[in-house]
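structure-v8.txt follows (compact mmCIF, C-alpha atoms):
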# COMPACT_ATOMS: atom_id res chain seq x y z
CA MET A 1 180.34 91.60 127.83
CA ALA A 2 180.35 92.14 124.07
CA SER A 3 179.27 89.24 121.87
CA ASP A 4 181.90 90.36 119.34
CA SER A 5 185.32 90.41 120.99
CA GLU A 6 186.74 93.12 118.71
CA ILE A 7 186.77 96.86 119.25
CA TYR A 8 186.33 98.31 115.79
CA ASP A 9 187.58 101.69 114.75
CA VAL A 10 184.22 102.50 113.16
CA LEU A 11 180.75 101.00 113.46
CA ILE A 12 179.01 101.67 110.12
CA VAL A 13 175.22 101.48 110.37
CA GLY A 14 173.97 101.10 106.80
CA GLY A 15 175.63 99.13 104.03
CA SER A 16 174.64 100.83 100.81
CA TYR A 17 176.71 103.24 98.69
CA ALA A 18 177.74 105.68 101.45
CA GLY A 19 178.61 102.97 103.95
CA LEU A 20 180.60 100.92 101.45
CA SER A 21 182.47 104.02 100.27
CA ALA A 22 183.37 104.96 103.84
CA ALA A 23 184.59 101.43 104.62
CA LEU A 24 186.78 101.48 101.51
CA THR A 25 188.30 104.81 102.53
CA LEU A 26 188.89 103.56 106.07
CA TYR A 27 190.68 100.39 105.02
CA ARG A 28 192.93 102.46 102.74
CA GLY A 29 193.95 104.22 105.97
CA LEU A 30 194.50 100.89 107.78
CA HIS A 31 191.42 101.32 109.95
CA THR A 32 188.94 98.64 110.89
CA SER A 33 185.19 98.76 110.49
CA ILE A 34 182.10 96.61 110.61
CA ILE A 35 179.13 97.30 108.33
CA PHE A 36 175.61 96.57 109.56
CA ASP A 37 173.15 96.11 106.71
CA HIS A 38 169.77 94.40 107.07
CA CYS A 39 169.28 94.54 103.28
CA GLN A 40 166.27 96.85 102.98
CA PRO A 41 167.44 99.71 100.73
CA ARG A 42 165.23 102.64 99.75
CA ASN A 43 165.25 101.42 96.13
CA SER A 44 164.38 97.84 97.07
CA TYR A 45 162.33 97.64 93.87
CA SER A 46 165.73 97.16 92.16
CA SER A 47 166.06 100.14 89.88
CA PRO A 48 169.33 99.94 87.94
CA ILE A 49 172.36 102.08 88.72
CA HIS A 50 172.78 105.34 86.80
CA LEU A 51 175.21 108.28 86.92
CA VAL A 52 178.09 106.07 88.09
CA PRO A 53 180.88 105.62 85.50
CA THR A 54 181.48 101.95 84.47
CA TRP A 55 178.30 100.90 86.34
CA ASP A 56 175.60 102.54 84.24
CA ASN A 57 172.41 100.48 83.90
CA GLN A 58 173.78 97.62 85.98
CA ASP A 59 172.12 95.91 88.93
CA SER A 60 172.74 97.39 92.36
CA LYS A 61 173.15 93.95 93.94
CA THR A 62 176.11 93.29 91.68
CA PHE A 63 177.65 96.58 92.81
CA TYR A 64 177.22 95.63 96.46
CA GLU A 65 178.78 92.20 96.02
CA THR A 66 181.72 93.64 94.09
CA ALA A 67 182.32 96.29 96.74
CA LYS A 68 182.19 93.69 99.52
CA ALA A 69 184.73 91.55 97.68
CA GLU A 70 187.06 94.56 97.43
CA LEU A 71 186.76 95.17 101.17
CA GLN A 72 187.56 91.56 102.02
CA VAL A 73 191.00 91.80 100.38
CA ALA A 74 192.52 93.81 103.23
CA ASP A 75 190.69 91.86 105.96
CA LEU A 76 190.02 95.12 107.81
CA CYS A 77 186.25 95.25 107.29
CA ARG A 78 183.59 92.85 108.50
CA TYR A 79 179.96 92.61 107.55
CA SER A 80 176.81 91.82 109.50
CA ASN A 81 173.17 91.44 108.40
CA SER A 82 172.02 92.48 111.87
CA LYS A 83 169.53 95.31 112.21
CA ILE A 84 170.88 97.63 114.87
CA GLU A 85 168.20 98.60 117.39
CA HIS A 86 170.18 100.42 120.10
CA ALA A 87 173.19 102.72 120.25
CA ARG A 88 174.88 104.41 123.17
CA ARG A 89 178.17 105.90 124.31
CA LEU A 90 179.88 104.18 127.22
CA GLU A 91 181.77 105.84 130.06
CA SER A 92 184.99 104.59 128.47
CA GLY A 93 184.27 106.75 125.42
CA LEU A 94 183.56 103.76 123.20
CA PHE A 95 180.28 103.36 121.34
CA GLU A 96 178.11 100.27 121.75
CA VAL A 97 175.47 99.10 119.30
CA SER A 98 173.20 96.09 119.65
CA ASP A 99 170.47 94.21 117.79
CA ALA A 100 167.19 92.67 118.93
CA ALA A 101 168.79 89.22 119.24
CA GLY A 102 171.27 90.40 121.87
CA GLY A 103 174.29 90.87 119.63
CA VAL A 104 176.57 93.65 120.87
CA TRP A 105 179.45 95.42 119.11
CA LEU A 106 181.94 98.06 120.26
CA GLY A 107 183.65 100.81 118.30
CA ARG A 108 185.58 104.04 118.68
CA LYS A 109 183.42 105.95 116.18
CA VAL A 110 180.00 105.60 114.54
CA LEU A 111 178.91 106.38 110.98
CA PHE A 112 175.22 106.52 110.08
CA SER A 113 174.61 105.73 106.41
CA THR A 114 171.13 104.32 106.85
CA GLY A 115 169.29 106.05 104.03
CA VAL A 116 165.64 107.09 104.32
CA ASN A 117 162.18 105.68 103.66
CA GLU A 118 160.09 106.91 100.73
CA ILE A 119 156.47 107.89 101.37
CA PHE A 120 154.36 107.28 98.26
CA PRO A 121 150.86 108.59 97.58
CA LYS A 122 148.20 106.08 98.61
CA TYR A 123 147.65 104.91 95.04
CA SER A 124 151.18 105.34 93.73
CA LEU A 125 153.65 102.78 92.43
CA SER A 126 157.30 102.33 93.26
CA LEU A 127 158.08 100.83 89.86
CA SER A 128 158.17 103.08 86.78
CA ARG A 129 157.68 106.23 88.83
CA TYR A 130 160.80 108.33 88.43
CA PRO A 131 162.03 111.03 90.84
CA CYS A 132 164.86 112.27 88.61
CA MET A 133 164.94 112.24 84.82
CA PHE A 134 168.73 112.55 84.77
CA GLN A 135 168.81 109.08 86.25
CA PHE A 136 165.90 107.46 84.44
CA GLY A 137 164.89 109.51 81.41
CA PHE A 138 167.28 108.28 78.72
CA GLU A 139 165.64 104.87 78.39
CA HIS A 140 162.28 106.58 77.76
CA ARG A 141 163.43 109.02 75.09
CA ASN A 142 160.94 109.65 72.27
CA SER A 143 157.95 108.56 74.35
CA PRO A 144 154.60 109.83 73.07
CA SER A 145 153.48 111.15 76.46
CA ALA A 146 154.35 111.31 80.14
CA GLY A 147 152.75 112.47 83.36
CA VAL A 148 153.91 114.37 86.44
CA LEU A 149 152.17 113.63 89.74
CA ALA A 150 151.96 117.01 91.49
CA LEU A 151 151.06 115.47 94.84
CA ASP A 152 152.22 115.63 98.45
CA GLY A 153 155.71 117.15 98.56
CA LEU A 154 155.54 117.92 94.84
CA ALA A 155 152.23 119.81 95.15
CA GLY A 156 153.72 123.18 94.28
CA PRO A 157 153.97 125.06 90.98
CA VAL A 158 157.75 125.64 90.92
CA GLN A 159 158.92 122.11 91.60
CA SER A 160 156.17 120.56 89.48
CA MET A 161 157.14 122.68 86.48
CA LYS A 162 160.84 121.90 86.90
CA LEU A 163 160.18 118.16 86.76
CA ALA A 164 157.71 118.63 83.90
CA GLU A 165 160.37 120.47 81.91
CA ASP A 166 162.87 117.72 82.68
CA ALA A 167 160.41 115.06 81.50
CA TYR A 168 159.58 117.01 78.33
CA LYS A 169 163.04 116.20 76.95
CA PHE A 170 161.95 112.57 76.73
CA ALA A 171 158.28 112.80 75.71
CA GLU A 172 156.21 114.62 73.11
CA THR A 173 153.56 115.82 75.56
CA ILE A 174 153.48 116.30 79.34
CA THR A 175 150.42 116.29 81.59
CA ILE A 176 150.67 117.48 85.20
CA TYR A 177 148.13 115.66 87.39
CA THR A 178 146.96 117.61 90.45
CA SER A 179 144.15 115.28 91.66
CA LYS A 180 141.48 117.68 92.93
CA ASN A 181 143.80 120.54 93.85
CA ALA A 182 142.04 123.39 92.06
CA VAL A 183 144.33 126.12 93.39
CA LEU A 184 147.48 124.36 92.20
CA ALA A 185 145.89 123.46 88.88
CA SER A 186 145.01 127.12 88.28
CA GLU A 187 148.52 128.31 89.15
CA LEU A 188 150.07 125.74 86.82
CA LYS A 189 147.78 126.59 83.91
CA GLN A 190 148.79 130.25 84.18
CA SER A 191 152.48 129.32 83.98
CA LEU A 192 152.29 126.97 80.98
CA GLN A 193 154.37 128.19 78.06
CA SER A 194 153.78 125.40 75.52
CA PRO A 195 150.72 123.66 74.04
CA ASN A 196 152.53 120.39 74.68
CA PHE A 197 152.02 120.90 78.44
CA ARG A 198 148.64 120.27 80.02
CA VAL A 199 147.13 120.21 83.51
CA ASP A 200 144.58 117.58 84.56
CA ASP A 201 142.80 118.08 87.89
CA ARG A 202 140.59 114.97 87.81
CA GLU A 203 140.80 113.02 91.07
CA ILE A 204 143.04 109.98 90.74
CA ALA A 205 141.59 106.67 91.92
CA ARG A 206 144.51 104.38 91.22
CA LEU A 207 147.50 103.66 89.01
CA VAL A 208 147.72 100.41 87.07
CA GLN A 209 150.86 98.81 85.69
CA LYS A 210 150.04 98.08 82.07
CA SER A 211 153.18 96.37 80.81
CA SER A 212 156.65 95.37 81.88
CA GLU A 213 159.39 97.96 81.69
CA SER A 214 161.34 95.83 79.23
CA GLU A 215 158.31 95.80 76.89
CA VAL A 216 158.04 99.58 77.03
CA MET A 217 161.73 99.95 76.15
CA ARG A 218 161.18 97.69 73.15
CA THR A 219 157.82 98.91 71.83
CA GLN A 220 157.18 102.32 73.47
CA ASN A 221 153.72 101.09 74.47
CA SER A 222 151.98 102.78 77.41
CA LEU A 223 153.36 101.69 80.73
CA ILE A 224 150.95 103.22 83.26
CA THR A 225 147.18 103.67 83.24
CA ILE A 226 145.83 106.43 85.48
CA GLU A 227 142.26 105.68 86.51
CA PHE A 228 140.11 108.52 87.84
CA THR A 229 137.19 108.50 90.25
CA ASP A 230 134.81 109.50 87.42
CA SER A 231 135.57 106.12 85.73
CA THR A 232 137.68 107.70 82.98
CA PHE A 233 141.31 106.82 82.41
CA VAL A 234 144.43 107.85 80.49
CA ASN A 235 147.64 106.03 79.51
CA GLU A 236 151.15 107.39 79.98
CA SER A 237 154.52 106.04 78.92
CA PHE A 238 155.99 106.93 82.32
CA LEU A 239 155.27 109.01 85.40
CA VAL A 240 157.45 111.46 87.29
CA HIS A 241 157.00 111.93 91.01
CA ARG A 242 159.41 112.81 93.78
CA PRO A 243 158.01 111.26 96.96
CA LEU A 244 158.45 112.60 100.44
CA THR A 245 161.13 110.86 102.47
CA LYS A 246 161.32 110.12 106.17
CA LEU A 247 164.40 109.35 108.25
CA ASP A 248 164.15 106.69 110.94
CA ARG A 249 165.32 108.75 113.91
CA SER A 250 165.36 105.99 116.50
CA LEU A 251 169.16 105.48 116.53
CA PRO A 252 170.20 109.12 115.96
CA ASP A 253 167.87 110.17 118.79
CA GLN A 254 169.53 107.69 121.13
CA LEU A 255 172.85 109.45 120.59
CA GLY A 256 171.34 112.94 120.76
CA LEU A 257 172.01 114.02 117.18
CA GLU A 258 170.64 117.26 115.75
CA TYR A 259 168.64 117.52 112.52
CA GLY A 260 168.62 119.90 109.57
CA PRO A 261 165.74 121.86 108.03
CA ILE A 262 164.37 118.98 105.91
CA GLY A 263 164.73 116.37 108.68
CA GLU A 264 168.15 115.07 107.66
CA ILE A 265 170.92 114.41 110.19
CA LYS A 266 172.76 117.69 110.59
CA THR A 267 176.40 117.46 109.50
CA THR A 268 179.35 119.78 108.91
CA PRO A 269 180.85 119.57 105.42
CA PRO A 270 183.00 118.31 103.93
CA PHE A 271 183.77 115.49 106.38
CA CYS A 272 180.19 114.87 107.60
CA GLN A 273 180.65 115.26 111.35
CA THR A 274 177.37 115.39 113.26
CA SER A 275 176.59 117.50 116.32
CA VAL A 276 177.91 114.68 118.54
CA GLU A 277 181.65 114.11 118.76
CA GLY A 278 182.74 110.83 117.23
CA VAL A 279 179.52 110.36 115.22
CA TYR A 280 179.35 110.96 111.48
CA ALA A 281 176.55 110.65 108.90
CA ALA A 282 176.66 110.27 105.11
CA GLY A 283 174.34 109.59 102.19
CA ASP A 284 170.58 109.98 102.00
CA CYS A 285 170.15 110.24 105.78
CA ALA A 286 172.27 113.40 105.82
CA SER A 287 171.54 115.15 102.53
CA MET A 288 168.71 116.40 100.32
CA MET A 289 170.72 115.19 97.29
CA LYS A 290 169.55 111.59 97.24
CA ILE A 291 171.53 110.21 94.32
CA ILE A 292 174.22 107.53 94.22
CA PRO A 293 177.22 109.74 93.27
CA ASN A 294 176.50 112.05 96.22
CA ALA A 295 176.24 109.11 98.63
CA ILE A 296 179.57 107.70 97.41
CA CYS A 297 181.22 111.12 97.72
CA MET A 298 179.88 111.74 101.22
CA GLY A 299 180.95 108.25 102.31
CA ALA A 300 184.50 108.88 101.10
CA TYR A 301 184.70 112.23 102.88
CA ALA A 302 183.25 110.76 106.07
CA GLY A 303 185.79 107.92 105.93
CA ALA A 304 188.60 110.46 105.60
CA GLY A 305 187.26 112.53 108.48
CA LEU A 306 186.90 109.48 110.69
CA ALA A 307 190.40 108.26 109.82
CA ARG A 308 191.93 111.56 110.85
CA GLU A 309 190.37 111.25 114.30
CA LEU A 310 191.68 107.71 114.81
CA PRO A 311 195.15 106.67 116.03
CA LYS A 312 197.71 104.74 114.02
CA ARG A 313 196.94 101.03 113.94
CA GLY A 314 198.98 97.86 113.47
CA THR A 315 199.51 96.55 109.94
CA GLY A 316 199.79 92.80 110.49
CA GLY A 317 196.54 91.95 108.74
CA GLY A 318 193.19 90.93 110.14
CA VAL A 319 191.38 93.25 112.56
CA PRO A 320 194.26 94.63 114.68
CA GLN A 321 193.84 95.86 118.24
CA SER A 322 195.64 98.78 119.85
CA SER A 323 197.61 98.39 123.05
CA ASN A 324 194.98 100.04 125.24
CA ASP A 325 192.03 97.93 124.05
CA GLN A 326 192.23 95.75 127.14
CA ASP A 327 192.20 98.83 129.36
CA LEU A 328 189.13 100.16 127.55
CA ARG A 329 187.39 96.80 127.87
CA GLY A 330 188.02 96.84 131.60
CA LYS A 331 186.01 100.05 131.92
CA LEU A 332 182.88 98.60 130.29

Mind converting the file's structure to structure tokens?
Amino acid sequence: MASDSEIYDVLIVGGSYAGLSAALTLYRGLHTSIIFDHCQPRNSYSSPIHLVPTWDNQDSKTFYETAKAELQVADLCRYSNSKIEHARRLESGLFEVSDAAGGVWLGRKVLFSTGVNEIFPKYSLSLSRYPCMFQFGFEHRNSPSAGVLALDGLAGPVQSMKLAEDAYKFAETITIYTSKNAVLASELKQSLQSPNFRVDDREIARLVQKSSESEVMRTQNSLITIEFTDSTFVNESFLVHRPLTKLDRSLPDQLGLEYGPIGEIKTTPPFCQTSVEGVYAAGDCASMMKIIPNAICMGAYAGAGLARELPKRGTGGGVPQSSNDQDLRGKL
């Protein structure tokens, strides 16, 4: 017996940009949903929003609260802070999800918009380490120097140089740090085209936060100190590094979803259907393009795709139930 008496049109697992966008699209089509969000986003270090018109440089929490308020107007979307631990398809064709506390919810469709986890180098920082200069570079324009951490997934000459060139628009000099990777350091040195680019292969010991980000914006003082194992150090205004990401596969595996070449949930564009009928995925968990505009776009397309697979619903307000809900419940 379900602890929530409703049968929702869509169970949305993940309440960030993709999930909120999908819920908005669904309510515009008179479809019900419930969003599960245990409030642990990938950018939990609270980087501001960028690349979103009217929201540039604003706090993500404000965006979430505004979006939730919009969804409440139609009374077709509900919200839960539960962390979903289990998902399965019932013989009736409905999907069932549950949390560790025993809460159970039923729905006709499922959307995964769970995001991914970032994997930082052992001595790296989440704050003031930027994966994309289009999102974070403007505030650091005219910096005296910047560094690129060519480590882990960025330990290749092509990608390292692309990010170094991006960073160079905002700093006078760029140093690419390879941390005891002599082969990579040699390849990079051969490809350098400007004296304002350097390669440093000293082994990194740790990174130290020197000053608050607000102070750097005001004074352009060094933000990060890189300390090396030989007891030397260097200061940089900011660092660029694109960390590896890892998808939590526990729920997708339970429903038998397939994965793409970089470990993302495999979907069919534009509507984001997965390999399992009735299950969709949007946002970071289903794309290599891990930026807010893409997550919003994928969420909207997924919401449209889901809506087209769902029957017409009642319009009397609240969370309406179709005439065969009782029959479906009897099969559980």

With distances taken over only C-alpha atoms, which of A:Leu151, A:Ala304, A:Ile292, A:Val279 is nearest to Ser60 (chain A)?
A:Ile292

If we draw a sphere of 12 Å around (168.1, 111.4, 85.1), which residues have at least one atom in it when counting all atoms listed in the file? Please report them as a PDB file with C-alpha atoms, in the coordinates of the input.
ATOM      1  CA  PRO A  48     169.330  99.940  87.940  1.00  0.00           C
ATOM      2  CA  ILE A  49     172.360 102.080  88.720  1.00  0.00           C
ATOM      3  CA  HIS A  50     172.780 105.340  86.800  1.00  0.00           C
ATOM      4  CA  LEU A  51     175.210 108.280  86.920  1.00  0.00           C
ATOM      5  CA  VAL A  52     178.090 106.070  88.090  1.00  0.00           C
ATOM      6  CA  ASP A  56     175.600 102.540  84.240  1.00  0.00           C
ATOM      7  CA  ASN A  57     172.410 100.480  83.900  1.00  0.00           C
ATOM      8  CA  TYR A 130     160.800 108.330  88.430  1.00  0.00           C
ATOM      9  CA  PRO A 131     162.030 111.030  90.840  1.00  0.00           C
ATOM     10  CA  CYS A 132     164.860 112.270  88.610  1.00  0.00           C
ATOM     11  CA  MET A 133     164.940 112.240  84.820  1.00  0.00           C
ATOM     12  CA  PHE A 134     168.730 112.550  84.770  1.00  0.00           C
ATOM     13  CA  GLN A 135     168.810 109.080  86.250  1.00  0.00           C
ATOM     14  CA  PHE A 136     165.900 107.460  84.440  1.00  0.00           C
ATOM     15  CA  GLY A 137     164.890 109.510  81.410  1.00  0.00           C
ATOM     16  CA  PHE A 138     167.280 108.280  78.720  1.00  0.00           C
ATOM     17  CA  GLU A 139     165.640 104.870  78.390  1.00  0.00           C
ATOM     18  CA  HIS A 140     162.280 106.580  77.760  1.00  0.00           C
ATOM     19  CA  ARG A 141     163.430 109.020  75.090  1.00  0.00           C
ATOM     20  CA  LEU A 163     160.180 118.160  86.760  1.00  0.00           C
ATOM     21  CA  ASP A 166     162.870 117.720  82.680  1.00  0.00           C
ATOM     22  CA  ALA A 167     160.410 115.060  81.500  1.00  0.00           C
ATOM     23  CA  LYS A 169     163.040 116.200  76.950  1.00  0.00           C
ATOM     24  CA  PHE A 170     161.950 112.570  76.730  1.00  0.00           C
ATOM     25  CA  VAL A 240     157.450 111.460  87.290  1.00  0.00           C
ATOM     26  CA  ILE A 291     171.530 110.210  94.320  1.00  0.00           C
ATOM     27  CA  ILE A 292     174.220 107.530  94.220  1.00  0.00           C
TER      28      ILE A 292
END

Could you give me, as number ranges by chain, the residues within 12 Å of Pro293 (chain A), counting all atoms listed in the file and dropping anything in the same chain fewer than 3 positions from it?
A: 16-18, 21, 49-53, 55-56, 135, 282-284, 289-290, 296-300

Tell me which of A:Asp248, A:Glu258, A:Glu203, A:Glu172 sits closest to Asp230 (chain A), counting all atoms listed in the file.
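Among A:Asp248, A:Glu258, A:Glu203, A:Glu172, it is A:Glu203 that comes nearest to Asp230 (chain A).
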
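Separating CA of Lys162 (chain A) from CA of Ser179 (chain A) is a distance of 18.6 Å.
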
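Rounded to one decimal, CA of Ile7 (chain A) and CA of Arg308 (chain A) lie 17.7 Å from each other.
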
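Distance annotation: of A:Arg89, A:Arg202, A:Lys189, A:Arg28, the residue with the minimal separation from Phe233 (chain A) is A:Arg202; atom set is only C-alpha atoms.
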
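Atom to atom, CA of Arg249 (chain A) and CA of Asp37 (chain A) stand 16.5 Å apart.
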
Would you pick out the contacts of His241 (chain A) at 12 Å or less, using all atoms listed in the file, so that residues sharing its chain but fewer than 6 positions from it are not included, and give the list as a PyMOL selection string?
chain A and resi 118-121+124-133+136+146-155+159-164+166-167+176-178

Can you pull out every residue within 7 Å of Lys109 (chain A), counting all atoms listed in the file, but drop anything in the same chain fewer than 6 positions away, and send it as a PyMOL selection string?
chain A and resi 9-11+95+278-279

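The environment of Val116 (chain A) within 8 Å, counting all atoms listed in the file and disregarding residues fewer than 4 places along the same chain, consists of Arg42, Thr245, Lys246, Leu247, Asp248, Asp284 and Cys285 of chain A.
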
Given only C-alpha atoms as the basis, pick out the residue of A:Thr54, A:Ser250, A:Gln72, A:Ser287 nearest to His86 (chain A).
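When distances to His86 (chain A) are compared using only C-alpha atoms, the smallest one comes from A:Ser250.
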
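Comparing the minimum interatomic distances between His38 (chain A) and each of A:Lys61, A:Lys83, A:Lys68, A:Arg78, counting all atoms listed in the file, we find that A:Lys83 sits nearest.
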